[in-house]
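What follows is a short report on a single structure.
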2 protein chains.
Amino acid sequence: MIESTTAAKSIQKERDLISTMSVDCVIIGFEQDELKVLLYERGMEDEPGFSHWALPGGFVKMNEDLDAAAVRVLNQVTGFHDVYMEQVRTFGKADRYPGARVITTAYYALINPRSQKLKLGKDARDARWVSIKALPRLVFDHADILQAAMKKLKRKVRQEPIGFELLPSKFTLTSLQRLYESILDTELDTRNFRKKLLKMGLLIKLSEQQQGVPHRAAFLHKFDRGVYLQLKEGGFVFDL
Amino acid sequence: MIESTTAAKSIQKERDLISTMSVDCVIIGFEQDELKVLLYERGMEDEPGFSHWALPGGFVKMNEDLDAAAVRVLNQVTGFHDVYMEQVRTFGKADRYPGARVITTAYYALINPRSQKLKLGKDARDARWVSIKALPRLVFDHADILQAAMKKLKRKVRQEPIGFELLPSKFTLTSLQRLYESILDTELDTRNFRKKLLKMGLLIKLSEQQQGVPHRAAFLHKFDRGVYLQLKEGGFVFDL
DNA sequence: GCAAAAGTGTTCTTCGTACACCCATGC
DNA sequence: GCATGGGTGTACGAAGAACACTTTTGC
């Protein structure tokens, strides 16, 4: 095998190579026909950005996989678990974090805000689902990170149906359309949207309907996970 | 401003948060109708992976932007400068690098191998342009990194014309087609390929022709950078 | 009965795709 | 004259885009 241990240790002793890695999570939810992001107010008085709004984040531990760190941080700050996450990219400007060299890898997470209860971690004074259309000022480069995540999501949504993660298990076609409209930031033609989706065979129409709405009740639908996985293997495209 | 310095320093003292960041470069070139990657044989006896083939990489310095580190590393290992580079993603498995915790961010670089001379850095025993179809075994997780870069390139090539970077300034339509075929790993119909490209108006047909070929000489073309930049702003799509 | 959203087909245009032959050159 | 790649057009089918009215329900 490779003779490495001493060399590697000497590398870590060189002060100018040492840095701290963190992960930041762009947690995206869909509620009341709006895309939202979970932000929190930093609550550690001795850390940079105290009392400012930020994306949930935390440091990567020495023996922890990067992806695992993202999952852990999400859980520690929000209490959420079993969430779909994907790496966005890494932000590494030398001066991005005040007072120390911290390189951060951004992840986005997709979740239905009503499916799990928010349990604030100790580092947070407050946390809120904030509409993507009305963001407060964020600390450090978190506005850039958020923007990059949204851009990635826009691309992603054209390649596979991500509604699975953001909607309740039973939903109306209209709310699915609103979701796509929010992500793509356009209006879609209802007839064309339905035509395309139904042709794909991904949706199962239930006999159940909406209750108590002051207009004609819509039928509920659910996703067919079997068909989805099958399509995914074949590497399909999903243009809207 | 934010009261941060002491806090940040205390963060970096915690041993379990300290790690080393590196960058690795997937340097892609196109030569003799083939896509190639620049690999080097590791030449530092006291570093892991000595005498094995690897992607050019190096550590990020304390006061260096991550993107700048990628540019520097590329230059140090190969002597290349002014090269198109883009971040792929970050690889952070805890055990990916033997003997130390090293998280690495991968970049891909596109270059015409004939446009700049390869000048080996001191860490390399040897370096070669290797066909993407005949790769040797690579150290650490470099095979995964390379694969991720190629996948990203495949997606990229459908969204903007990257031939700019990989071809000489004057080229034939056939070599452009071969480039796309190499990246996408398919065969394309010549007539349809030309139809689509010419309709875009990105190419300028020169009066100059190939010299000394044992068949009908092809006209040379060049890219119209003005039209390219214009199209790019409008966020165009480029399907083949 | 009215406000509010659900649901449904057709036409036109655009674009992708398949396909075969003559042309110029070097040897 | 032959081998090699250069260069060109058309016809068909699929898919995207535009577009308006009837239905159901709660109040």
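Labels used: A, B, ... for chains in the order of the structure tokens, numbers from 1 for residues in each chain, and numbers from 1 for ligands as shown.
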
For this session: Just list the residues in range 22-148 of chain A DSSP gives alpha helix (DSSP H) on the backbone, as JSON, numbers by chain.
Result: {"A": [66, 67, 68, 69, 70, 71, 72, 73, 74, 75, 76, 77, 78, 142, 143, 144, 145, 146, 147, 148]}

Saved selection, atoms kept: all heavy atoms, as a short mmCIF file (atom, residue, chain, number, x, y, z; two decimals), in the first residue's frame:
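Written out: again.cif:
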```
data_model
loop_
_atom_site.label_atom_id
_atom_site.label_comp_id
_atom_site.auth_asym_id
_atom_site.auth_seq_id
_atom_site.Cartn_x
_atom_site.Cartn_y
_atom_site.Cartn_z
N LEU A 66 -18.59 14.58 4.16
CA LEU A 66 -19.18 15.89 3.88
C LEU A 66 -20.70 15.80 3.76
O LEU A 66 -21.43 16.60 4.36
CB LEU A 66 -18.56 16.45 2.60
CG LEU A 66 -18.89 17.88 2.23
CD1 LEU A 66 -18.39 18.85 3.28
CD2 LEU A 66 -18.28 18.23 0.87
N ASP A 67 -21.18 14.82 3.01
CA ASP A 67 -22.62 14.66 2.84
C ASP A 67 -23.30 14.40 4.18
O ASP A 67 -24.40 14.91 4.45
CB ASP A 67 -22.93 13.49 1.89
CG ASP A 67 -22.54 13.80 0.46
OD1 ASP A 67 -22.23 14.97 0.15
OD2 ASP A 67 -22.56 12.87 -0.37
N ALA A 68 -22.64 13.62 5.02
CA ALA A 68 -23.20 13.31 6.34
C ALA A 68 -23.27 14.56 7.20
O ALA A 68 -24.20 14.74 7.99
CB ALA A 68 -22.37 12.24 7.02
N ALA A 69 -22.30 15.43 7.03
CA ALA A 69 -22.31 16.69 7.80
C ALA A 69 -23.53 17.51 7.44
O ALA A 69 -24.18 18.11 8.31
CB ALA A 69 -21.03 17.48 7.52
N ALA A 70 -23.87 17.54 6.15
CA ALA A 70 -25.03 18.31 5.72
C ALA A 70 -26.30 17.76 6.36
O ALA A 70 -27.14 18.52 6.86
CB ALA A 70 -25.14 18.27 4.20
N VAL A 71 -26.41 16.44 6.39
CA VAL A 71 -27.58 15.81 6.99
C VAL A 71 -27.65 16.11 8.49
O VAL A 71 -28.70 16.46 9.02
CB VAL A 71 -27.55 14.28 6.75
CG1 VAL A 71 -28.63 13.58 7.55
CG2 VAL A 71 -27.69 13.98 5.26
N ARG A 72 -26.50 16.02 9.15
CA ARG A 72 -26.46 16.28 10.59
C ARG A 72 -26.81 17.73 10.92
O ARG A 72 -27.61 18.01 11.81
CB ARG A 72 -25.06 15.97 11.14
CG ARG A 72 -24.90 16.35 12.62
CD ARG A 72 -23.50 16.10 13.15
NE ARG A 72 -22.44 16.73 12.37
CZ ARG A 72 -22.11 18.02 12.43
NH1 ARG A 72 -22.76 18.85 13.25
NH2 ARG A 72 -21.14 18.49 11.69
N VAL A 73 -26.22 18.65 10.17
CA VAL A 73 -26.47 20.07 10.44
C VAL A 73 -27.95 20.39 10.24
O VAL A 73 -28.56 21.07 11.07
CB VAL A 73 -25.59 20.94 9.52
CG1 VAL A 73 -26.09 22.38 9.49
CG2 VAL A 73 -24.15 20.89 9.99
N LEU A 74 -28.51 19.88 9.17
CA LEU A 74 -29.94 20.10 8.93
C LEU A 74 -30.74 19.61 10.12
O LEU A 74 -31.64 20.30 10.63
CB LEU A 74 -30.37 19.36 7.66
CG LEU A 74 -31.87 19.40 7.36
CD1 LEU A 74 -32.29 20.82 7.00
CD2 LEU A 74 -32.23 18.46 6.23
N ASN A 75 -30.40 18.44 10.60
CA ASN A 75 -31.14 17.87 11.72
C ASN A 75 -30.94 18.67 13.01
O ASN A 75 -31.88 18.93 13.75
CB ASN A 75 -30.73 16.41 11.93
CG ASN A 75 -31.48 15.78 13.09
OD1 ASN A 75 -30.98 15.69 14.20
ND2 ASN A 75 -32.72 15.37 12.84
N GLN A 76 -29.71 19.09 13.26
CA GLN A 76 -29.44 19.82 14.50
C GLN A 76 -30.15 21.17 14.55
O GLN A 76 -30.60 21.60 15.61
CB GLN A 76 -27.93 20.03 14.68
CG GLN A 76 -27.22 18.80 15.21
CD GLN A 76 -25.74 19.03 15.43
OE1 GLN A 76 -25.21 20.09 15.12
NE2 GLN A 76 -25.06 18.04 15.98
N VAL A 77 -30.20 21.84 13.42
CA VAL A 77 -30.80 23.17 13.44
C VAL A 77 -32.32 23.11 13.41
O VAL A 77 -33.00 23.93 14.02
CB VAL A 77 -30.27 24.03 12.26
CG1 VAL A 77 -30.92 25.41 12.27
CG2 VAL A 77 -28.77 24.17 12.34
N THR A 78 -32.86 22.13 12.69
CA THR A 78 -34.31 22.13 12.44
C THR A 78 -35.05 20.92 13.03
O THR A 78 -36.27 20.95 13.14
CB THR A 78 -34.60 22.11 10.93
OG1 THR A 78 -34.13 20.85 10.40
CG2 THR A 78 -33.89 23.25 10.22
N HIS A 142 -24.36 34.45 2.07
CA HIS A 142 -25.50 33.52 2.01
C HIS A 142 -26.51 33.88 0.93
O HIS A 142 -27.21 33.00 0.43
CB HIS A 142 -26.16 33.44 3.39
CG HIS A 142 -25.38 32.61 4.35
ND1 HIS A 142 -25.89 32.11 5.53
CD2 HIS A 142 -24.10 32.17 4.31
CE1 HIS A 142 -24.96 31.43 6.17
NE2 HIS A 142 -23.87 31.45 5.45
N ALA A 143 -26.57 35.15 0.55
CA ALA A 143 -27.47 35.51 -0.54
C ALA A 143 -27.00 34.88 -1.86
O ALA A 143 -27.80 34.36 -2.64
CB ALA A 143 -27.57 37.02 -0.68
N ASP A 144 -25.68 34.86 -2.07
CA ASP A 144 -25.13 34.21 -3.27
C ASP A 144 -25.43 32.71 -3.25
O ASP A 144 -25.75 32.12 -4.28
CB ASP A 144 -23.61 34.38 -3.32
CG ASP A 144 -23.21 35.84 -3.48
OD1 ASP A 144 -24.04 36.63 -3.96
OD2 ASP A 144 -22.06 36.17 -3.11
N ILE A 145 -25.26 32.13 -2.08
CA ILE A 145 -25.47 30.69 -1.94
C ILE A 145 -26.92 30.35 -2.26
O ILE A 145 -27.20 29.41 -3.03
CB ILE A 145 -25.10 30.23 -0.52
CG1 ILE A 145 -23.60 30.41 -0.29
CG2 ILE A 145 -25.53 28.79 -0.28
CD1 ILE A 145 -23.14 30.10 1.13
N LEU A 146 -27.82 31.14 -1.71
CA LEU A 146 -29.24 30.90 -1.96
C LEU A 146 -29.55 31.01 -3.45
O LEU A 146 -30.26 30.18 -4.02
CB LEU A 146 -30.05 31.92 -1.16
CG LEU A 146 -31.46 31.51 -0.78
CD1 LEU A 146 -31.95 32.35 0.38
CD2 LEU A 146 -32.41 31.60 -1.93
N GLN A 147 -29.00 32.01 -4.06
CA GLN A 147 -29.25 32.21 -5.48
C GLN A 147 -28.74 31.04 -6.31
O GLN A 147 -29.40 30.57 -7.24
CB GLN A 147 -28.59 33.50 -5.93
CG GLN A 147 -29.20 34.10 -7.17
CD GLN A 147 -28.44 35.33 -7.64
OE1 GLN A 147 -27.66 35.91 -6.88
NE2 GLN A 147 -28.66 35.72 -8.88
N ALA A 148 -27.55 30.56 -5.96
CA ALA A 148 -26.99 29.42 -6.69
C ALA A 148 -27.86 28.18 -6.51
O ALA A 148 -28.05 27.40 -7.44
CB ALA A 148 -25.56 29.14 -6.21
#
```

For this session: Please identify all polymer residues within 6 Å of range 114-129 of chain B, counting only C-alpha atoms (C1' of nucleotides), omitting same-chain residues fewer than 3 positions from it, and present them as a PyMOL selection string.
Result: chain B and resi 36-44+76-79

With 12 Å as the cut-off and only C-alpha atoms (C1' of nucleotides) counted, what is the closest atom pair between each nearby residue of chain D and range 12-22 of chain C? Distances in Å to one decimal, ordered by chain and number, as a tab-separated table.
```
residue	atom	partner	partner_atom	distance
D:DG6	C1'	C:DC22	C1'	10.5
D:DG7	C1'	C:DC22	C1'	9.1
D:DT8	C1'	C:DC22	C1'	9.2
D:DG9	C1'	C:DC19	C1'	10.5
D:DT10	C1'	C:DC19	C1'	9.4
D:DA11	C1'	C:DA18	C1'	9.4
D:DC12	C1'	C:DT17	C1'	8.9
D:DG13	C1'	C:DT17	C1'	8.9
D:DA14	C1'	C:DG16	C1'	8.2
D:DA15	C1'	C:DC15	C1'	8.2
D:DG16	C1'	C:DT14	C1'	7.7
D:DA17	C1'	C:DT13	C1'	8.4
D:DA18	C1'	C:DC12	C1'	8.7
D:DC19	C1'	C:DC12	C1'	11.2
```

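The spacing separating CA of Ile111 in chain B from CA of Ile28 in chain B amounts to 6.3 Å.
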
For this session: For chain D, work out the contacting residues on chain B at 9 Å, counting only C-alpha atoms (C1' of nucleotides), and write them as a count of residues only.
Result: 8

Per residue of chain C within 7 Å of chain A, record the nearest atom pair and its distance in Å to one decimal, counting only C-alpha atoms (C1' of nucleotides), with rows in chain order and ascending residue number, as a tab-separated table.
```
residue	atom	partner	partner_atom	distance
C:DA4	C1'	A:His215	CA	5.6
C:DA5	C1'	A:His215	CA	5.8
C:DA6	C1'	A:Arg216	CA	6.0
```

Seminar exercise, completed: A straight line from CA of Arg225 in chain B to CA of Thr186 in chain B spans 27.0 Å

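Checking B:Pro168, B:Gly58, B:Gly212, B:Pro48 one by one against chain A, counting only C-alpha atoms, you find the shortest gap at B:Pro48.
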
Seminar exercise, completed: Judged by only C-alpha atoms, the minimum distance to chain B among A:Glu34, A:Arg89, A:Ile27, A:Tyr84 is found for A:Arg89

For this session: Please identify all polymer residues within 9 Å of Thr104 in chain B, counting only C-alpha atoms (C1' of nucleotides), omitting same-chain residues fewer than 4 positions from it, and present them as a count of residues only.
Result: 11

Exercise. For Leu167 in chain B, which residue out of B:Leu198, B:Leu135, B:Leu110, B:Val227 is the nearest one, using only C-alpha atoms?
Worked result: B:Leu110

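Taking CA of Leu166 in chain B as the reference point, CA of Lys152 in chain A is found at 25.5 Å.
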
Exercise. Which residue out of B:Tyr228, B:Asn112, B:Leu35, B:Val139 has the minimum interatomic distance to chain A when only C-alpha atoms are used?
Worked result: B:Val139
